[in-house]
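Below: the structure, in structure tokens.
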Amino acid sequence: GAQLQSRSAPPPAYPIAALRNHEQGTVLLRVRVEADGRASSVVIERSSGSRALDNAARQQVLRQWRFVPAMVDGQQVPADGLVPVSFSLPD
């Protein structure tokens, strides 16, 4: 996949169940970014080991993140890329 650049990437909220269970990790997402910079498809490429974290990351990227569109010959085009989203417990 391409190297995607995020324009706006607010971190996902830490799921309460994951906090209670002391879950942390990084989920790797395969993201389809359309020419307007919005994610149209987000698939879990590699799990964090926690379904709650994986789902929170996937939903946040799909609903809230915006990307710099890929360019080919001066035109914005759809592109696929890998995006890691990390969760770490507060100290």
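Following the order of the structure tokens, chains are lettered A, B, ..., residues in each are numbered from 1, and ligands are numbered from 1.
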Q: Determine which residues of range 10-80 of chain A DSSP labels as helix (DSSP H, G or I) from the backbone of this structure, then write them out as a PyMOL selection string.
A: chain A and resi 16-20+51-64
With C-alpha atoms retained, export the selected residues as a PDB file, in the first residue's frame.
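Generated output (result_28.pdb):
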```pdb
ATOM      1  CA  ILE A  16     -13.909   1.307  28.579  1.00  0.00           C
ATOM      2  CA  ALA A  17     -13.800  -2.508  28.353  1.00  0.00           C
ATOM      3  CA  ALA A  18     -10.214  -2.357  27.055  1.00  0.00           C
ATOM      4  CA  LEU A  19      -9.204  -0.026  29.906  1.00  0.00           C
ATOM      5  CA  ARG A  20     -10.767  -2.364  32.473  1.00  0.00           C
ATOM      6  CA  ARG A  51     -11.374  -6.737  19.428  1.00  0.00           C
ATOM      7  CA  ALA A  52     -12.453  -3.594  21.335  1.00  0.00           C
ATOM      8  CA  LEU A  53      -9.293  -1.678  20.317  1.00  0.00           C
ATOM      9  CA  ASP A  54      -9.456  -2.923  16.725  1.00  0.00           C
ATOM     10  CA  ASN A  55     -13.079  -1.817  16.350  1.00  0.00           C
ATOM     11  CA  ALA A  56     -12.491   1.576  17.988  1.00  0.00           C
ATOM     12  CA  ALA A  57      -9.582   2.294  15.629  1.00  0.00           C
ATOM     13  CA  ARG A  58     -11.495   1.132  12.545  1.00  0.00           C
ATOM     14  CA  GLN A  59     -14.568   3.215  13.338  1.00  0.00           C
ATOM     15  CA  GLN A  60     -12.553   6.352  14.159  1.00  0.00           C
ATOM     16  CA  VAL A  61     -10.539   6.207  10.921  1.00  0.00           C
ATOM     17  CA  LEU A  62     -13.668   5.548   8.863  1.00  0.00           C
ATOM     18  CA  ARG A  63     -15.754   8.327  10.445  1.00  0.00           C
ATOM     19  CA  GLN A  64     -13.316  11.045  11.521  1.00  0.00           C
TER      20      GLN A  64
END
```
(Q) Could you pull out the strand (DSSP E) residues of chain A, going by DSSP on the backbone, and write them as a PyMOL selection string? (A) chain A and resi 5-8+25-33+39-46+66-68+70-72+75-77+79-87
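Note that CA of Leu28 in chain A and CA of Val43 in chain A are 8.7 Å apart.
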Q: Name all residues at most 7 Å from Val68 in chain A (count only C-alpha atoms; drop same-chain ones fewer than 5 positions away) and give them as a list in words.
A: Gln5, Ser6, Arg7 and Gly37 of chain A
Output for the residues just chosen: N, CA and C atoms as a short mmCIF file (atom, residue, chain, number, x, y, z; two decimals), in the first residue's frame:
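That gives us again.cif:
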```cif
data_model
loop_
_atom_site.label_atom_id
_atom_site.label_comp_id
_atom_site.auth_asym_id
_atom_site.auth_seq_id
_atom_site.Cartn_x
_atom_site.Cartn_y
_atom_site.Cartn_z
N GLN A 5 -0.84 10.06 4.06
CA GLN A 5 -0.61 11.20 4.95
C GLN A 5 -1.95 11.65 5.47
N SER A 6 -2.06 11.72 6.80
CA SER A 6 -3.32 12.18 7.37
C SER A 6 -3.34 13.70 7.43
N ARG A 7 -4.50 14.26 7.15
CA ARG A 7 -4.72 15.70 7.26
C ARG A 7 -5.32 16.00 8.63
N GLY A 37 -10.16 12.59 -0.04
CA GLY A 37 -9.41 12.47 1.21
C GLY A 37 -10.13 11.72 2.31
#
```
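Minimum distance to Ser41 in chain A across A:Gly81, A:Pro15, A:Gly25, A:Gly74 (counting only C-alpha atoms) occurs at A:Gly81.
Between CA of Val31 in chain A and CA of Asp80 in chain A lies a distance of 5.6 Å.
Distances from A:Val27, A:Ser48, A:Ser40, A:Arg32 to Val85 in chain A were compared using only C-alpha atoms, and the smallest one belongs to A:Val27.
Distances to Asp91 in chain A were evaluated for A:His22, A:Ile44, A:Arg38, A:Gly49 using only C-alpha atoms, and the minimum falls at A:His22.
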(Q) Give me, as a PyMOL selection string, all polymer residues having an atom no more than 9 Å from Glu34 in chain A, counting only C-alpha atoms and skipping those fewer than 4 positions away in the same chain. (A) chain A and resi 38-40+67+69-70+76-80
Please write the residues from the selection above to a file, keeping all heavy atoms, as an mmCIF file, in the first residue's frame.
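As written to disk, part-v3.cif reads:
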```cif
data_model
loop_
_atom_site.group_PDB
_atom_site.id
_atom_site.type_symbol
_atom_site.label_atom_id
_atom_site.label_comp_id
_atom_site.auth_asym_id
_atom_site.auth_seq_id
_atom_site.Cartn_x
_atom_site.Cartn_y
_atom_site.Cartn_z
ATOM 1 N N ARG A 38 -11.343 11.234 2.021
ATOM 2 C CA ARG A 38 -12.093 10.473 3.029
ATOM 3 C C ARG A 38 -11.839 8.978 2.870
ATOM 4 O O ARG A 38 -11.706 8.488 1.749
ATOM 5 C CB ARG A 38 -13.602 10.730 2.880
ATOM 6 C CG ARG A 38 -13.992 12.135 3.225
ATOM 7 C CD ARG A 38 -15.488 12.339 2.985
ATOM 8 N NE ARG A 38 -15.857 13.725 3.209
ATOM 9 C CZ ARG A 38 -16.356 14.170 4.345
ATOM 10 N NH1 ARG A 38 -16.563 13.360 5.356
ATOM 11 N NH2 ARG A 38 -16.663 15.445 4.479
ATOM 12 N N ALA A 39 -11.829 8.277 3.998
ATOM 13 C CA ALA A 39 -11.686 6.825 3.971
ATOM 14 C C ALA A 39 -13.025 6.209 3.586
ATOM 15 O O ALA A 39 -14.052 6.513 4.190
ATOM 16 C CB ALA A 39 -11.242 6.323 5.338
ATOM 17 N N SER A 40 -13.024 5.348 2.572
ATOM 18 C CA SER A 40 -14.264 4.684 2.156
ATOM 19 C C SER A 40 -14.305 3.238 2.614
ATOM 20 O O SER A 40 -15.362 2.628 2.662
ATOM 21 C CB SER A 40 -14.422 4.746 0.636
ATOM 22 O OG SER A 40 -13.355 4.065 0.007
ATOM 23 N N PHE A 67 -7.504 12.434 4.930
ATOM 24 C CA PHE A 67 -6.169 12.197 4.402
ATOM 25 C C PHE A 67 -5.855 13.162 3.269
ATOM 26 O O PHE A 67 -6.757 13.729 2.648
ATOM 27 C CB PHE A 67 -6.060 10.763 3.875
ATOM 28 C CG PHE A 67 -6.189 9.725 4.956
ATOM 29 C CD1 PHE A 67 -7.433 9.246 5.330
ATOM 30 C CD2 PHE A 67 -5.077 9.244 5.618
ATOM 31 C CE1 PHE A 67 -7.565 8.299 6.333
ATOM 32 C CE2 PHE A 67 -5.194 8.300 6.622
ATOM 33 C CZ PHE A 67 -6.441 7.821 6.978
ATOM 34 N N PRO A 69 -5.111 13.457 -0.341
ATOM 35 C CA PRO A 69 -5.350 12.530 -1.461
ATOM 36 C C PRO A 69 -4.065 12.234 -2.245
ATOM 37 O O PRO A 69 -3.171 13.080 -2.347
ATOM 38 C CB PRO A 69 -6.348 13.278 -2.350
ATOM 39 C CG PRO A 69 -6.943 14.333 -1.479
ATOM 40 C CD PRO A 69 -5.886 14.687 -0.477
ATOM 41 N N ALA A 70 -3.994 11.034 -2.785
ATOM 42 C CA ALA A 70 -2.880 10.669 -3.660
ATOM 43 C C ALA A 70 -3.011 11.446 -4.966
ATOM 44 O O ALA A 70 -4.118 11.805 -5.382
ATOM 45 C CB ALA A 70 -2.912 9.170 -3.927
ATOM 46 N N GLN A 76 -6.128 14.244 -8.284
ATOM 47 C CA GLN A 76 -6.350 13.484 -7.050
ATOM 48 C C GLN A 76 -7.012 12.164 -7.417
ATOM 49 O O GLN A 76 -7.976 12.142 -8.181
ATOM 50 C CB GLN A 76 -7.241 14.270 -6.092
ATOM 51 C CG GLN A 76 -6.577 15.543 -5.597
ATOM 52 C CD GLN A 76 -7.475 16.352 -4.683
ATOM 53 O OE1 GLN A 76 -8.682 16.218 -4.707
ATOM 54 N NE2 GLN A 76 -6.865 17.197 -3.872
ATOM 55 N N VAL A 77 -6.455 11.065 -6.875
ATOM 56 C CA VAL A 77 -6.960 9.733 -7.204
ATOM 57 C C VAL A 77 -7.130 8.908 -5.930
ATOM 58 O O VAL A 77 -6.476 9.176 -4.917
ATOM 59 C CB VAL A 77 -6.009 8.992 -8.170
ATOM 60 C CG1 VAL A 77 -5.915 9.710 -9.515
ATOM 61 C CG2 VAL A 77 -4.624 8.830 -7.551
ATOM 62 N N PRO A 78 -7.999 7.895 -5.973
ATOM 63 C CA PRO A 78 -8.113 6.984 -4.832
ATOM 64 C C PRO A 78 -6.810 6.196 -4.638
ATOM 65 O O PRO A 78 -6.071 5.966 -5.598
ATOM 66 C CB PRO A 78 -9.245 6.036 -5.236
ATOM 67 C CG PRO A 78 -9.985 6.735 -6.335
ATOM 68 C CD PRO A 78 -8.970 7.587 -7.026
ATOM 69 N N ALA A 79 -6.543 5.799 -3.402
ATOM 70 C CA ALA A 79 -5.335 5.027 -3.100
ATOM 71 C C ALA A 79 -5.584 4.165 -1.869
ATOM 72 O O ALA A 79 -6.431 4.488 -1.029
ATOM 73 C CB ALA A 79 -4.151 5.955 -2.858
ATOM 74 N N ASP A 80 -4.842 3.078 -1.772
ATOM 75 C CA ASP A 80 -4.882 2.208 -0.603
ATOM 76 C C ASP A 80 -3.576 2.347 0.151
ATOM 77 O O ASP A 80 -2.521 2.522 -0.458
ATOM 78 C CB ASP A 80 -5.046 0.739 -1.019
ATOM 79 C CG ASP A 80 -6.377 0.470 -1.687
ATOM 80 O OD1 ASP A 80 -7.406 0.854 -1.108
ATOM 81 O OD2 ASP A 80 -6.380 -0.117 -2.779
#
```
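The nearest approach to Leu89 in chain A among the residues A:Leu4, A:Met71, A:Ala9, A:Asn21, with only C-alpha atoms taken into account, belongs to A:Asn21.
Pairwise distance (CA of Val72 in chain A, CA of Pro11 in chain A) equals 29.2 Å.
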